[in-house]
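K.L.:
If it helps, the file is called query.txt and holds compact mmCIF, C-alpha atoms:
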```
# COMPACT_ATOMS: atom_id res chain seq x y z
CA MET A 1 0.00 0.00 0.00
CA GLY A 2 1.52 3.31 -1.10
CA THR A 3 0.93 6.95 -0.19
CA ASP A 4 -1.72 7.41 -2.88
CA GLN A 5 -3.73 4.44 -1.59
CA VAL A 6 -3.57 5.74 1.98
CA ARG A 7 -4.73 9.16 0.82
CA GLN A 8 -7.64 7.62 -1.05
CA ILE A 9 -8.72 5.72 2.05
CA VAL A 10 -8.54 8.87 4.17
CA GLU A 11 -10.53 10.85 1.62
CA ALA A 12 -13.16 8.10 1.47
CA LEU A 13 -13.57 8.06 5.27
CA GLY A 14 -13.47 11.84 5.59
CA THR A 15 -11.59 14.03 8.06
CA GLY A 16 -14.51 13.89 10.50
CA THR A 17 -14.24 10.13 10.86
CA MET A 18 -10.46 10.33 11.11
CA ASN A 19 -10.76 12.92 13.88
CA VAL A 20 -13.16 10.72 15.85
CA ILE A 21 -10.87 7.68 15.56
CA GLY A 22 -7.88 9.86 16.40
CA ALA A 23 -9.59 11.26 19.50
CA VAL A 24 -10.38 7.76 20.81
CA VAL A 25 -6.82 6.55 20.16
CA PHE A 26 -5.35 9.70 21.71
CA VAL A 27 -7.37 9.42 24.93
CA LEU A 28 -6.77 5.68 25.42
CA ALA A 29 -3.06 5.86 24.58
CA THR A 30 -2.51 8.84 26.87
CA ILE A 31 -4.26 7.04 29.75
CA VAL A 32 -2.03 4.00 29.24
CA PHE A 33 1.07 6.21 29.09
CA VAL A 34 0.20 7.96 32.37
CA MET A 35 -0.70 4.65 34.04
CA GLU A 36 2.62 3.05 33.10
CA LEU A 37 4.62 6.00 34.42
CA ALA A 38 2.59 5.83 37.64
CA GLY A 39 3.46 2.15 38.07
CA TYR A 40 0.24 0.55 36.87
CA ARG A 41 -0.57 -1.55 33.82
CA PRO A 42 -3.89 -2.24 32.06
CA TYR A 43 -4.88 -5.81 31.16
CA LEU A 44 -7.68 -7.37 29.16
CA ARG A 45 -8.79 -9.66 31.99
CA ARG A 46 -9.40 -9.27 35.70
CA PRO A 47 -7.89 -7.60 37.52
CA PHE A 48 -7.88 -5.07 34.70
CA VAL A 49 -5.32 -2.84 36.41
CA ARG A 50 -2.24 -4.20 38.18
CA ARG A 51 1.05 -2.81 39.39
CA HIS A 52 3.83 -3.63 36.96
CA THR A 53 7.19 -5.04 37.98
CA THR A 54 9.57 -2.80 36.04
CA ARG A 55 12.49 -1.77 38.23
CA TRP A 56 14.10 1.54 37.29
CA ASP A 57 17.60 0.45 38.22
CA ALA A 58 20.91 1.13 36.46
CA MET A 59 20.25 -1.51 33.80
CA ALA A 60 16.85 0.00 33.00
CA LEU A 61 18.46 3.42 32.55
CA VAL A 62 21.08 1.88 30.27
CA LYS A 63 18.28 0.44 28.11
CA VAL A 64 16.57 3.83 27.97
CA ALA A 65 19.84 5.48 26.96
CA ILE A 66 20.65 2.90 24.26
CA THR A 67 17.23 3.19 22.67
CA ALA A 68 17.11 6.98 22.88
CA ALA A 69 20.62 7.40 21.46
CA LEU A 70 20.17 5.01 18.52
CA PHE A 71 16.67 6.22 17.65
CA GLY A 72 17.50 9.89 18.09
CA ALA A 73 20.67 9.60 16.03
CA GLY A 74 18.85 7.69 13.30
CA LEU A 75 16.15 10.35 13.09
CA ALA A 76 18.71 13.16 12.97
CA ILE A 77 20.68 11.48 10.19
CA PHE A 78 17.64 11.08 7.94
CA ALA A 79 15.96 14.35 8.88
CA GLY A 80 16.98 15.89 5.55
CA VAL A 81 14.54 13.69 3.62
CA VAL A 82 11.43 15.81 4.27
CA PHE A 83 7.85 15.27 3.12
CA VAL A 84 6.11 17.95 5.23
CA PRO A 85 8.60 20.52 6.61
CA GLY A 86 8.98 20.20 10.38
CA VAL A 87 6.52 17.31 10.59
CA ALA A 88 7.05 14.30 8.33
CA TYR A 89 10.15 12.73 6.80
CA LEU A 90 11.74 9.41 5.96
CA ARG A 91 12.27 7.40 9.16
CA PRO A 92 14.24 4.16 8.70
CA ALA A 93 15.10 4.46 12.40
CA GLN A 94 11.43 3.80 13.21
CA ALA A 95 12.37 0.12 13.26
CA PHE A 96 14.27 0.77 16.51
CA THR A 97 11.07 1.61 18.41
CA THR A 98 9.48 -1.75 17.62
CA VAL A 99 12.64 -3.79 18.19
CA PHE A 100 13.75 -2.17 21.43
CA GLY A 101 10.21 -2.10 22.75
CA ILE A 102 10.06 -5.89 22.35
CA LEU A 103 13.57 -6.43 23.73
CA PHE A 104 13.68 -3.88 26.56
CA GLY A 105 10.01 -3.50 27.51
CA LEU A 106 8.97 -0.30 29.27
CA PRO A 107 12.53 1.18 29.31
CA GLY A 108 12.67 0.65 25.55
CA ALA A 109 9.35 2.42 25.10
CA LEU A 110 10.50 5.37 27.21
CA GLY A 111 13.75 5.47 25.24
CA ALA A 112 11.76 5.61 22.00
CA GLY A 113 9.87 8.65 23.23
CA LEU A 114 13.05 10.38 24.37
CA GLY A 115 14.80 9.45 21.13
CA ASN A 116 12.10 11.16 19.08
CA PHE A 117 12.49 14.26 21.25
CA ILE A 118 16.26 14.19 20.73
CA GLY A 119 15.82 13.73 17.00
CA ASP A 120 13.53 16.76 16.83
CA ILE A 121 16.07 18.88 18.72
CA PHE A 122 19.00 18.01 16.47
CA ALA A 123 16.90 18.27 13.31
CA GLY A 124 15.55 21.67 14.33
CA THR A 125 11.96 20.41 14.19
CA LEU A 126 11.08 20.81 17.89
CA THR A 127 7.50 22.11 18.11
CA LEU A 128 4.37 21.49 20.17
CA GLY A 129 3.93 18.50 17.89
CA SER A 130 6.95 16.95 19.63
CA ILE A 131 4.78 16.33 22.70
CA ALA A 132 2.59 13.99 20.68
CA GLY A 133 5.74 12.65 19.04
CA PHE A 134 7.10 11.69 22.45
CA ILE A 135 3.99 9.79 23.58
CA GLY A 136 3.21 8.47 20.10
CA ASN A 137 6.63 6.89 19.72
CA PHE A 138 6.45 5.60 23.28
CA MET A 139 3.27 3.79 22.24
CA SER A 140 4.77 2.56 18.97
CA ALA A 141 7.30 0.64 21.10
CA TYR A 142 4.95 -0.19 23.97
CA VAL A 143 2.22 -1.82 21.86
CA PRO A 144 4.58 -4.35 20.19
CA TYR A 145 6.12 -5.08 23.60
CA ARG A 146 2.70 -5.98 25.02
CA ILE A 147 1.88 -8.20 22.01
CA VAL A 148 5.26 -9.95 21.59
CA HIS A 149 5.66 -10.39 25.33
CA ALA A 150 7.69 -13.59 25.70
CA ALA A 151 11.22 -14.62 24.76
CA ARG A 152 9.97 -17.65 22.83
CA GLN A 153 7.97 -15.24 20.62
CA ALA A 154 10.67 -12.59 20.25
CA ASP A 155 13.18 -14.89 18.57
CA LEU A 156 10.87 -15.21 15.51
CA SER A 157 11.91 -18.83 15.13
CA ALA A 158 8.45 -20.06 14.15
CA ALA A 159 5.95 -18.91 11.54
CA ARG A 160 3.37 -18.08 14.21
CA ASP A 161 5.97 -15.90 15.97
CA PHE A 162 6.48 -13.89 12.79
CA VAL A 163 2.70 -13.55 12.33
CA ARG A 164 2.46 -12.22 15.90
CA TYR A 165 5.30 -9.80 15.13
CA VAL A 166 3.50 -8.54 12.00
CA TRP A 167 0.35 -7.99 14.05
CA ALA A 168 2.41 -6.10 16.64
CA VAL A 169 3.88 -3.84 13.95
CA ILE A 170 0.45 -3.11 12.45
CA ALA A 171 -1.03 -2.31 15.87
CA GLY A 172 1.86 -0.05 16.84
CA ALA A 173 1.72 1.78 13.52
CA PHE A 174 -2.05 2.24 13.89
CA VAL A 175 -1.69 3.95 17.27
CA ILE A 176 1.07 6.37 16.33
CA ALA A 177 -0.46 7.13 12.92
CA PHE A 178 -3.66 8.37 14.58
CA TYR A 179 -2.12 9.83 17.73
CA ILE A 180 0.19 12.44 16.19
CA PRO A 181 -2.01 13.77 13.33
CA TRP A 182 -4.96 14.24 15.69
CA TRP A 183 -2.81 16.36 18.02
CA LEU A 184 -1.45 18.40 15.12
CA ALA A 185 -4.94 18.98 13.69
CA VAL A 186 -6.59 19.88 17.00
CA LEU A 187 -3.90 22.40 17.93
CA GLY A 188 -3.95 23.84 14.43
CA ILE A 189 -0.22 23.27 13.99
CA ILE A 190 -1.03 22.21 10.43
CA PRO A 191 -4.38 22.14 8.58
CA SER A 192 -6.57 19.16 9.37
CA GLU A 193 -6.57 18.07 5.71
CA VAL A 194 -2.76 18.01 5.65
CA ALA A 195 -2.61 16.15 8.96
CA TRP A 196 -4.81 13.32 7.69
CA THR A 197 -3.92 13.14 3.98
CA ALA A 198 -0.15 13.69 4.26
CA VAL A 199 1.16 13.20 7.80
CA PHE A 200 -1.08 10.23 8.62
CA GLY A 201 0.03 8.37 5.50
CA ASN A 202 3.68 9.16 6.11
CA ILE A 203 3.61 7.96 9.72
CA TRP A 204 1.54 4.90 8.83
CA LEU A 205 3.91 3.79 6.08
CA ASN A 206 7.05 4.51 8.14
CA GLY A 207 5.53 2.60 11.03
CA LEU A 208 4.82 -0.40 8.82
CA VAL A 209 7.57 -0.67 6.22
CA THR A 210 10.74 -0.12 8.25
CA PRO A 211 9.77 -2.35 11.22
CA LEU A 212 8.60 -5.13 8.89
CA ILE A 213 11.77 -5.08 6.80
CA LEU A 214 14.61 -3.65 8.88
CA GLY A 215 12.98 -4.46 12.22
CA THR A 216 12.66 -8.15 11.41
CA ILE A 217 16.36 -8.35 10.61
CA LEU A 218 17.39 -6.38 13.69
CA LEU A 219 15.27 -8.49 16.02
CA ARG A 220 16.65 -11.75 14.65
CA VAL A 221 20.22 -10.45 14.97
CA LEU A 222 19.97 -8.67 18.32
CA PHE A 223 17.79 -11.02 20.36
CA PRO A 224 20.50 -13.68 20.95
CA TYR A 225 22.92 -11.02 22.19
CA VAL A 226 20.31 -9.33 24.40
CA GLN A 227 19.46 -12.75 25.79
CA ARG A 228 23.13 -13.59 26.38
CA TRP A 229 23.78 -10.30 28.16
CA ASN A 230 20.68 -10.70 30.38
CA MET A 231 19.17 -7.50 28.99
CA TYR A 232 15.85 -8.97 27.88
CA TRP A 233 13.10 -7.12 29.75
CA ALA A 234 11.63 -10.15 31.55
CA ASP A 235 15.05 -11.28 32.83
CA SER A 236 15.26 -8.24 35.11
CA GLU A 237 11.65 -8.27 36.35
CA ARG A 238 9.54 -10.48 38.55
CA ALA A 239 8.01 -12.02 35.46
CA ASP A 240 6.43 -15.40 34.83
CA PRO A 241 9.25 -17.84 33.90
CA ALA A 242 7.36 -18.49 30.65
CA LEU A 243 8.18 -14.93 29.58
CA ARG A 244 11.86 -15.04 30.45
CA SER A 245 14.78 -16.01 28.26
CA ASP A 246 15.35 -19.09 30.43
CA GLY A 247 11.69 -20.11 30.50
CA ARG A 248 12.30 -23.37 28.63
CA ALA A 249 15.27 -24.35 30.76
CA ARG A 250 13.11 -24.23 33.88
CA ARG A 251 11.04 -27.10 32.53
CA GLY A 252 14.02 -29.42 32.92
CA ALA A 253 17.12 -30.18 30.90
CA GLY A 254 15.42 -32.79 28.74
CA ASP A 255 12.18 -30.90 28.06
CA THR A 256 12.42 -28.04 25.56
CA ARG A 257 8.72 -27.64 24.92
CA PRO A 258 7.49 -24.02 25.15
CA VAL A 259 6.01 -23.06 28.49
CA ALA A 260 2.47 -21.70 28.36
CA THR A 261 2.48 -17.98 28.91
CA GLY A 262 0.77 -16.54 31.92
CA GLU A 263 0.53 -12.91 30.79
CA GLU A 264 -2.14 -11.35 28.66
CA ALA A 265 -1.97 -7.90 27.14
```
Any chance you could give the structure as structure tokens?
P.N.:
Amino acid sequence: MGTDQVRQIVEALGTGTMNVIGAVVFVLATIVFVMELAGYRPYLRRPFVRRHTTRWDAMALVKVAITAALFGAGLAIFAGVVFVPGVAYLRPAQAFTTVFGILFGLPGALGAGLGNFIGDIFAGTLTLGSIAGFIGNFMSAYVPYRIVHAARQADLSAARDFVRYVWAVIAGAFVIAFYIPWWLAVLGIIPSEVAWTAVFGNIWLNGLVTPLILGTILLRVLFPYVQRWNMYWADSERADPALRSDGRARRGAGDTRPVATGEEA
């Protein structure tokens, strides 16, 4: 699906419909963002709200810094390829948000938000839109992390793991593609028509193409090293053994069958 096809879909739905969808996504994503920073996590089954187990220790800060530095640098390097001045440009580095969200969990999501902020500063594109950029990119990492939430899924060793990864990419791209344009349109930073026909399509395609192509490669390459260095998110939290890198080993040396996961997004 190219830019023209996305524009045709937006024009068929109308800016009113896009604004309604964007408002719903914005409110829900912002609530989740605030909850996570406050130490709580939403779930799809009872209890619907629980305290999460992320520890903001030195290792967590290292993960935030790695993600922010790589994503911010990647955005700054490609900032010259502009579609809408100060708003939309080519973003190969968008793959980092998905990959480090899955690998590092909440620290990776926070690093993605900070990285976008850093990229805007160095590219000279820091505006009120950067607020939505911060939370939107946080969510573009957070959503895949909540979908691909176990080590046995993150290694992409099975076809069903790759299908789950594709679904995670689509969901993450959906959230950020609606979150940022709605903010830009409501504040009048750019005209509503431009927000939905140009910026939406650009963010949607960047959020899909680079994570599906570059992100798949990065995840396959980086996961074994992250696992070896005990940097996988579940290895440093009080997580169900089924989610950890050593989840299979805990079944016994002779039993390598996957352990049933106990977490639900």
K.L.:
Using all atoms listed in the file, I'd like a table of the residues in segment 25-62 of chain A that come within 12 Å of segment 109-120 of chain A; for each, show the closest atom pair and its distance in Å rounded to one decimal, ordered by chain and ascending number, as JSON lines.
P.N.:
```
{"residue": "A:Phe33", "atom": "CA", "partner": "A:Leu110", "partner_atom": "CA", "distance": 9.7}
{"residue": "A:Val34", "atom": "CA", "partner": "A:Leu110", "partner_atom": "CA", "distance": 11.8}
{"residue": "A:Glu36", "atom": "CA", "partner": "A:Leu110", "partner_atom": "CA", "distance": 10.1}
{"residue": "A:Leu37", "atom": "CA", "partner": "A:Leu110", "partner_atom": "CA", "distance": 9.3}
{"residue": "A:Trp56", "atom": "CA", "partner": "A:Leu110", "partner_atom": "CA", "distance": 11.4}
{"residue": "A:Ala60", "atom": "CA", "partner": "A:Gly111", "partner_atom": "CA", "distance": 10.0}
{"residue": "A:Leu61", "atom": "CA", "partner": "A:Gly111", "partner_atom": "CA", "distance": 8.9}
{"residue": "A:Val62", "atom": "CA", "partner": "A:Gly111", "partner_atom": "CA", "distance": 9.6}
```
K.L.:
Enclose segment 41-52 of chain A, meaning all of its atoms listed in the file, in a box aligned along x, y and z, pad it by 8 Å on each side, and list the centre and edge lengths in Å to one decimal, as AutoDock Vina command-line options.
P.N.:
```
--center_x -2.8 --center_y -5.6 --center_z 34.3 --size_x 29.2 --size_y 24.1 --size_z 26.2
```
K.L.:
A:Met139, A:Val166, A:Leu106, A:Val199: which is nearest Arg55 of chain A, counting all atoms listed in the file?
P.N.:
A:Leu106
K.L.:
So how many Å separate atom CA of Tyr40 of chain A and atom CA of Ser245 of chain A, to one decimal?
P.N.:
23.7 Å
K.L.:
Determine, using all atoms listed in the file, which residues of segment 53-160 of chain A have any atom at most 10 Å from an atom of segment 179-192 of chain A, and tabulate each with its shortest atom pair and distance in Å to one decimal place, rows ordered by chain and then rising number, as a tab-separated table.
P.N.:
```
residue	atom	partner	partner_atom	distance
A:Val84	CA	A:Ile190	CA	9.8
A:Val87	CA	A:Ile190	CA	9.0
A:Thr127	CA	A:Ile189	CA	8.8
A:Leu128	CA	A:Ile189	CA	7.9
A:Gly129	CA	A:Leu184	CA	6.1
A:Ser130	CA	A:Ile180	CA	8.8
A:Ile131	CA	A:Ile180	CA	8.9
A:Ala132	CA	A:Ile180	CA	5.3
A:Gly133	CA	A:Ile180	CA	6.2
A:Phe134	CA	A:Ile180	CA	9.4
A:Ile135	CA	A:Tyr179	CA	8.5
A:Gly136	CA	A:Tyr179	CA	6.0
A:Asn137	CA	A:Ile180	CA	9.2
A:Met139	CA	A:Tyr179	CA	9.3
```
K.L.:
Write the residues you've just listed into a file as a PDB file, in the frame of the given file, and include C-alpha atoms for each of them.
P.N.:
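So the final result, stored in result-v8.pdb, reads:
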```pdb
ATOM      1  CA  VAL A  84       6.110  17.950   5.230  1.00  0.00           C
ATOM      2  CA  VAL A  87       6.520  17.310  10.590  1.00  0.00           C
ATOM      3  CA  THR A 127       7.500  22.110  18.110  1.00  0.00           C
ATOM      4  CA  LEU A 128       4.370  21.490  20.170  1.00  0.00           C
ATOM      5  CA  GLY A 129       3.930  18.500  17.890  1.00  0.00           C
ATOM      6  CA  SER A 130       6.950  16.950  19.630  1.00  0.00           C
ATOM      7  CA  ILE A 131       4.780  16.330  22.700  1.00  0.00           C
ATOM      8  CA  ALA A 132       2.590  13.990  20.680  1.00  0.00           C
ATOM      9  CA  GLY A 133       5.740  12.650  19.040  1.00  0.00           C
ATOM     10  CA  PHE A 134       7.100  11.690  22.450  1.00  0.00           C
ATOM     11  CA  ILE A 135       3.990   9.790  23.580  1.00  0.00           C
ATOM     12  CA  GLY A 136       3.210   8.470  20.100  1.00  0.00           C
ATOM     13  CA  ASN A 137       6.630   6.890  19.720  1.00  0.00           C
ATOM     14  CA  MET A 139       3.270   3.790  22.240  1.00  0.00           C
TER      15      MET A 139
END
```
K.L.:
What residues have an atom no more than 6 Å from (16.4, -2.4, 14.7) in the file's own frame, counting all atoms listed in the file, and can you write them as a PyMOL selection string?
P.N.:
chain A and resi 95-96+99+215+218
K.L.:
How about saving the chosen residues, C-alpha atoms kept, as a short mmCIF file (atom, residue, chain, number, x, y, z; two decimals), keeping the file's coordinate frame?
P.N.:
```cif
data_model
loop_
_atom_site.label_atom_id
_atom_site.label_comp_id
_atom_site.auth_asym_id
_atom_site.auth_seq_id
_atom_site.Cartn_x
_atom_site.Cartn_y
_atom_site.Cartn_z
CA ALA A 95 12.37 0.12 13.26
CA PHE A 96 14.27 0.77 16.51
CA VAL A 99 12.64 -3.79 18.19
CA GLY A 215 12.98 -4.46 12.22
CA LEU A 218 17.39 -6.38 13.69
#
```
K.L.:
Using only C-alpha atoms, determine which residues lie at most 7 Å from Gly201 of chain A, disregarding the query and same-chain residues fewer than 4 positions distant; provide the list as a list of chain:residue names.
P.N.:
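Once the adjacent positions are removed, what remains is A:Thr3, A:Val6, A:Arg7, A:Thr197, A:Leu205.
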K.L.:
Any idea what the distance is between atom CA of Ala195 of chain A and atom CA of Ile9 of chain A?
P.N.:
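Going from atom CA of Ala195 of chain A over to atom CA of Ile9 of chain A covers 13.9 Å.
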K.L.:
Please determine, counting all atoms listed in the file, which residue among A:Phe71, A:Tyr165, A:Trp233, A:Phe26 has the shortest atom-to-atom distance to Gln153 of chain A.
P.N.:
A:Tyr165
K.L.:
Restricting the calculation to only C-alpha atoms, which member of A:Ala123, A:Val49, A:Leu44, A:Leu219 is positioned closest to Ile77 of chain A?
P.N.:
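Looking at the shortest contact to Ile77 of chain A, the residue is A:Ala123.
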K.L.:
Would you work out the distance separating atom CA of Ser157 of chain A from atom CA of Ala171 of chain A, expressed in Å to one decimal?
P.N.:
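Answer for the atom CA of Ser157 of chain A to atom CA of Ala171 of chain A separation: 21.0 Å.
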K.L.:
Given the choices A:Asn206, A:Leu103, A:Pro241, A:Thr67, which gets closest to Trp229 of chain A if the distance is worked out from all atoms listed in the file?
P.N.:
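Comparing A:Asn206, A:Leu103, A:Pro241, A:Thr67 against Trp229 of chain A, the winner is A:Leu103.
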K.L.:
Here is a test: counting all atoms listed in the file, which residue of A:Met231, A:Ala12, A:Val20, A:Ala38 is nearest to Phe178 of chain A?
P.N.:
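For Phe178 of chain A, the nearest of the candidates is A:Val20.
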